[in-house]
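Structure file structure39.pdb (PDB, C-alpha atoms) is printed below.
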```pdb
ATOM      1  CA  MET A 488     -30.865  -1.049 -14.760
ATOM      2  CA  ILE A 489     -28.132   1.507 -15.447
ATOM      3  CA  ALA A 490     -29.273   1.761 -19.070
ATOM      4  CA  MET A 491     -32.834   2.479 -17.890
ATOM      5  CA  GLY A 492     -31.756   5.884 -16.668
ATOM      6  CA  PRO A 493     -31.212   8.004 -13.557
ATOM      7  CA  PRO A 494     -34.114   6.705 -11.460
ATOM      8  CA  TYR A 495     -32.570   3.236 -11.445
ATOM      9  CA  VAL A 496     -28.853   4.025 -11.273
ATOM     10  CA  GLU A 497     -28.590   4.267  -7.490
ATOM     11  CA  GLU A 498     -30.341   0.943  -6.963
ATOM     12  CA  ALA A 499     -28.130  -0.715  -9.594
ATOM     13  CA  VAL A 500     -24.989   0.659  -7.958
ATOM     14  CA  GLU A 501     -26.089  -0.626  -4.542
ATOM     15  CA  ARG A 502     -26.702  -4.094  -5.967
ATOM     16  CA  LEU A 503     -23.315  -4.083  -7.688
ATOM     17  CA  ALA A 504     -21.669  -3.033  -4.422
ATOM     18  CA  LEU A 505     -23.139  -6.159  -2.802
ATOM     19  CA  VAL A 506     -21.531  -8.293  -5.501
ATOM     20  CA  PHE A 507     -17.978  -7.067  -5.072
ATOM     21  CA  GLY A 508     -18.137  -5.540  -1.618
ATOM     22  CA  ALA A 509     -19.666  -8.237   0.508
ATOM     23  CA  ASN A 510     -19.403 -11.514  -1.367
ATOM     24  CA  TYR A 511     -15.820 -12.717  -1.671
ATOM     25  CA  ARG A 512     -17.022 -16.218  -2.599
ATOM     26  CA  LEU A 513     -17.760 -15.004  -6.108
ATOM     27  CA  GLY A 514     -15.005 -15.342  -8.657
ATOM     28  CA  CYS A 515     -12.737 -12.408  -9.307
ATOM     29  CA  ASP A 516     -13.907 -12.144 -12.909
ATOM     30  CA  VAL A 517     -17.456 -11.462 -11.686
ATOM     31  CA  ARG A 518     -16.181  -8.880  -9.201
ATOM     32  CA  VAL A 519     -14.064  -7.145 -11.876
ATOM     33  CA  GLU A 520     -17.075  -6.948 -14.192
ATOM     34  CA  ALA A 521     -19.255  -5.576 -11.375
ATOM     35  CA  ALA A 522     -16.649  -2.859 -10.743
ATOM     36  CA  ARG A 523     -16.595  -1.949 -14.449
ATOM     37  CA  LEU A 524     -20.384  -1.690 -14.501
ATOM     38  CA  ARG A 525     -20.398   0.442 -11.382
ATOM     39  CA  ALA A 526     -17.828   2.816 -12.904
ATOM     40  CA  SER A 527     -19.973   3.093 -16.040
ATOM     41  CA  ALA A 528     -22.792   4.562 -13.931
ATOM     42  CA  GLY A 529     -20.909   7.870 -13.723
ATOM     43  CA  PRO A 530     -17.889   9.659 -12.297
ATOM     44  CA  ALA A 531     -19.290   9.650  -8.766
ATOM     45  CA  TYR A 532     -19.095   5.840  -8.690
ATOM     46  CA  VAL A 533     -15.567   5.422 -10.078
ATOM     47  CA  PRO A 534     -13.770   5.719  -6.681
ATOM     48  CA  GLY A 535     -15.924   2.925  -5.252
ATOM     49  CA  ALA A 536     -15.183   0.756  -8.265
ATOM     50  CA  ALA A 537     -11.456   1.490  -7.839
ATOM     51  CA  GLY A 538     -11.622   0.391  -4.208
ATOM     52  CA  ALA A 539     -13.271  -2.880  -5.208
ATOM     53  CA  LEU A 540     -10.617  -3.515  -7.857
ATOM     54  CA  ARG A 541      -7.874  -2.881  -5.288
ATOM     55  CA  GLY A 542      -9.436  -5.682  -3.252
ATOM     56  CA  VAL A 543      -9.154  -8.034  -6.229
ATOM     57  CA  ILE A 544      -5.549  -6.963  -6.843
ATOM     58  CA  SER A 545      -4.458  -7.621  -3.277
ATOM     59  CA  GLU A 546      -6.438 -10.799  -2.683
ATOM     60  CA  TYR A 547      -4.242 -13.578  -1.364
ATOM     61  CA  ARG A 548      -2.546 -15.553  -4.118
ATOM     62  CA  GLY A 549      -3.188 -18.888  -2.435
ATOM     63  CA  TYR A 550      -6.908 -18.247  -2.710
ATOM     64  CA  VAL A 551      -7.122 -16.841  -6.251
ATOM     65  CA  GLU A 552      -5.134 -17.216  -9.432
ATOM     66  CA  VAL A 553      -2.400 -14.662 -10.125
ATOM     67  CA  SER A 554      -4.171 -13.925 -13.420
ATOM     68  CA  ASP A 555      -7.149 -12.642 -11.389
ATOM     69  CA  ASN A 556      -4.865 -10.168  -9.592
ATOM     70  CA  ILE A 557      -3.551  -9.076 -13.013
ATOM     71  CA  ASP A 558      -7.072  -8.662 -14.420
ATOM     72  CA  GLY A 559      -7.962  -6.448 -11.460
ATOM     73  CA  ALA A 560      -4.877  -4.273 -12.027
ATOM     74  CA  TYR A 561      -5.659  -3.967 -15.738
ATOM     75  CA  ALA A 562      -9.274  -2.978 -15.031
ATOM     76  CA  LEU A 563      -8.072  -0.408 -12.465
ATOM     77  CA  ALA A 564      -5.707   1.182 -14.999
ATOM     78  CA  ARG A 565      -8.569   1.456 -17.482
ATOM     79  CA  LEU A 566     -10.879   3.329 -15.085
ATOM     80  CA  GLY A 567      -9.314   6.690 -15.868
ATOM     81  CA  PRO A 568      -6.092   8.661 -16.143
ATOM     82  CA  GLU A 569      -5.737   9.007 -12.379
ATOM     83  CA  TYR A 570      -5.597   5.209 -11.987
ATOM     84  CA  VAL A 571      -3.205   4.355 -14.845
ATOM     85  CA  ALA A 572       0.015   4.672 -12.839
ATOM     86  CA  GLU A 573      -1.296   2.546  -9.953
ATOM     87  CA  GLY A 574      -2.629  -0.197 -12.223
ATOM     88  CA  CYS A 575       0.556  -0.235 -14.315
ATOM     89  CA  TRP A 576       2.711  -0.450 -11.203
ATOM     90  CA  GLU A 577       0.854  -3.607 -10.205
ATOM     91  CA  LEU A 578       1.132  -5.017 -13.732
ATOM     92  CA  ARG A 579       4.878  -4.339 -13.836
ATOM     93  CA  ARG A 580       5.252  -6.023 -10.441
ATOM     94  CA  HIS A 581       3.566  -9.162 -11.778
ATOM     95  CA  ALA A 582       5.536  -9.085 -15.030
ATOM     96  CA  ALA A 583       8.807  -9.070 -13.090
ATOM     97  CA  SER A 584       7.689 -11.401 -10.291
ATOM     98  CA  THR A 585      10.054 -14.106  -9.115
ATOM     99  CA  PHE A 586       7.466 -15.514  -6.685
ATOM    100  CA  GLU A 587       7.295 -19.290  -7.170
ATOM    101  CA  GLY A 588       3.499 -19.191  -7.633
ATOM    102  CA  THR A 589       3.818 -16.878 -10.631
ATOM    103  CA  HIS A 590       4.147 -18.828 -13.867
ATOM    104  CA  ASP A 591       5.455 -17.679 -17.234
ATOM    105  CA  TRP A 592       1.921 -17.403 -18.599
ATOM    106  CA  ASP A 593       1.039 -15.037 -15.744
ATOM    107  CA  ARG A 594       4.027 -12.841 -16.554
ATOM    108  CA  ALA A 595       3.122 -12.949 -20.250
ATOM    109  CA  HIS A 596      -0.461 -11.945 -19.384
ATOM    110  CA  ALA A 597       0.807  -8.960 -17.365
ATOM    111  CA  VAL A 598       3.085  -7.895 -20.233
ATOM    112  CA  ARG A 599       0.194  -8.130 -22.708
ATOM    113  CA  CYS A 600      -2.001  -5.981 -20.452
ATOM    114  CA  LEU A 601       0.777  -3.399 -20.137
ATOM    115  CA  ALA A 602       1.228  -3.344 -23.908
ATOM    116  CA  GLU A 603      -2.468  -2.550 -24.381
ATOM    117  CA  LEU A 604      -2.340   0.476 -22.070
ATOM    118  CA  ARG A 605      -1.250   3.866 -23.373
ATOM    119  CA  GLY A 606      -0.874   7.255 -21.711
ATOM    120  CA  PRO A 607       0.698   8.903 -18.680
ATOM    121  CA  GLY A 608       1.912   6.535 -16.006
ATOM    122  CA  VAL A 609       2.816   3.754 -18.410
ATOM    123  CA  MET A 610       6.569   3.361 -18.356
ATOM    124  CA  PRO A 611       8.170   2.488 -21.721
ATOM    125  CA  SER A 612      10.164  -0.405 -20.296
ATOM    126  CA  LEU A 613       9.395  -3.004 -17.685
ATOM    127  CA  PRO A 614      11.513  -3.472 -14.588
ATOM    128  CA  VAL A 615      14.084  -6.237 -14.532
ATOM    129  CA  GLU A 616      14.519  -8.114 -11.282
ATOM    130  CA  GLY A 617      17.224 -10.708 -10.907
ATOM    131  CA  PRO A 618      19.522 -12.385 -13.400
ATOM    132  CA  GLY A 619      17.012 -15.082 -14.408
ATOM    133  CA  LEU A 620      14.538 -12.715 -16.055
ATOM    134  CA  ALA A 621      14.706 -11.571 -19.640
ATOM    135  CA  ALA A 622      14.720  -7.894 -20.594
ATOM    136  CA  HIS A 623      10.942  -7.685 -20.678
ATOM    137  CA  GLY A 624      10.359  -9.420 -17.370
ATOM    138  CA  VAL A 625       9.465 -12.784 -18.879
ATOM    139  CA  SER A 626      11.692 -15.839 -18.715
ATOM    140  CA  ARG A 627      12.086 -19.373 -20.040
ATOM    141  CA  GLY A 628      10.897 -19.177 -23.633
ATOM    142  CA  VAL A 629       7.643 -17.215 -23.515
ATOM    143  CA  VAL A 630       6.967 -15.937 -27.029
ATOM    144  CA  GLU A 631       7.455 -12.181 -27.502
TER     145      GLU A 631
END
```
Output the file's structure in the form of structure tokens.
Amino acid sequence: MIAMGPPYVEEAVERLALVFGANYRLGCDVRVEAARLRASAGPAYVPGAAGALRGVISEYRGYVEVSDNIDGAYALARLGPEYVAEGCWELRRHAASTFEGTHDWDRAHAVRCLAELRGPGVMPSLPVEGPGLAAHGVSRGVVE
């Protein structure tokens, strides 16, 4: 509908808002994609998409996979320059997480997402928290 032009954009955006705004039973990957599509409709819709992605980022870890929170943070950072620092902060937090529900593959996924981002707000090194974490925030044998 977005590709069909301006007469259909508003209706498409409203339908996308229903997907990620009102239906938390859908998987996070669907909600992240809906936010990306909404942002593609134009600059006026980017703040709404950012709000939806923040919901994915902060969704309770017992209900969703940590990788879903990471995907939401990565998508937020890719919305535009004003969102890079916020998305990267969340990615760095996951990369250095010592929370028992965060596995090495989650930390590796966060590091990979950080490595793909470039620009202002992306810090050159990841934070190190605690003696058990390696220099890049990943521990116990995860390949570089």
Checklist entry - Hey, what comes out of the PyMOL selection byres ((chain A and resi 577) around 12) on this file? Could you write it as a PyMOL selection string? => result chain A and resi 540-541+543-545+553-554+556-564+570-576+578-584+594+597-598+600-601+608-609+613-614
Item to check | the PyMOL selection byres ((chain A and resi 534-536) around 12) applied to the shown file, residues as a PyMOL selection string | outcome: chain A and resi 500-501+503-508+518-533+537-543+559+562-567+569-570
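The two atoms in question, CA of Arg502 (chain A) and CA of Ala490 (chain A), are spaced 14.6 Å apart.
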Checklist outcome for this item: Students should find that CA of Glu497 (chain A) and CA of Val517 (chain A) are spaced 19.7 Å
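Atom to atom, CA of Glu552 (chain A) and CA of Arg599 (chain A) stand 16.9 Å apart.
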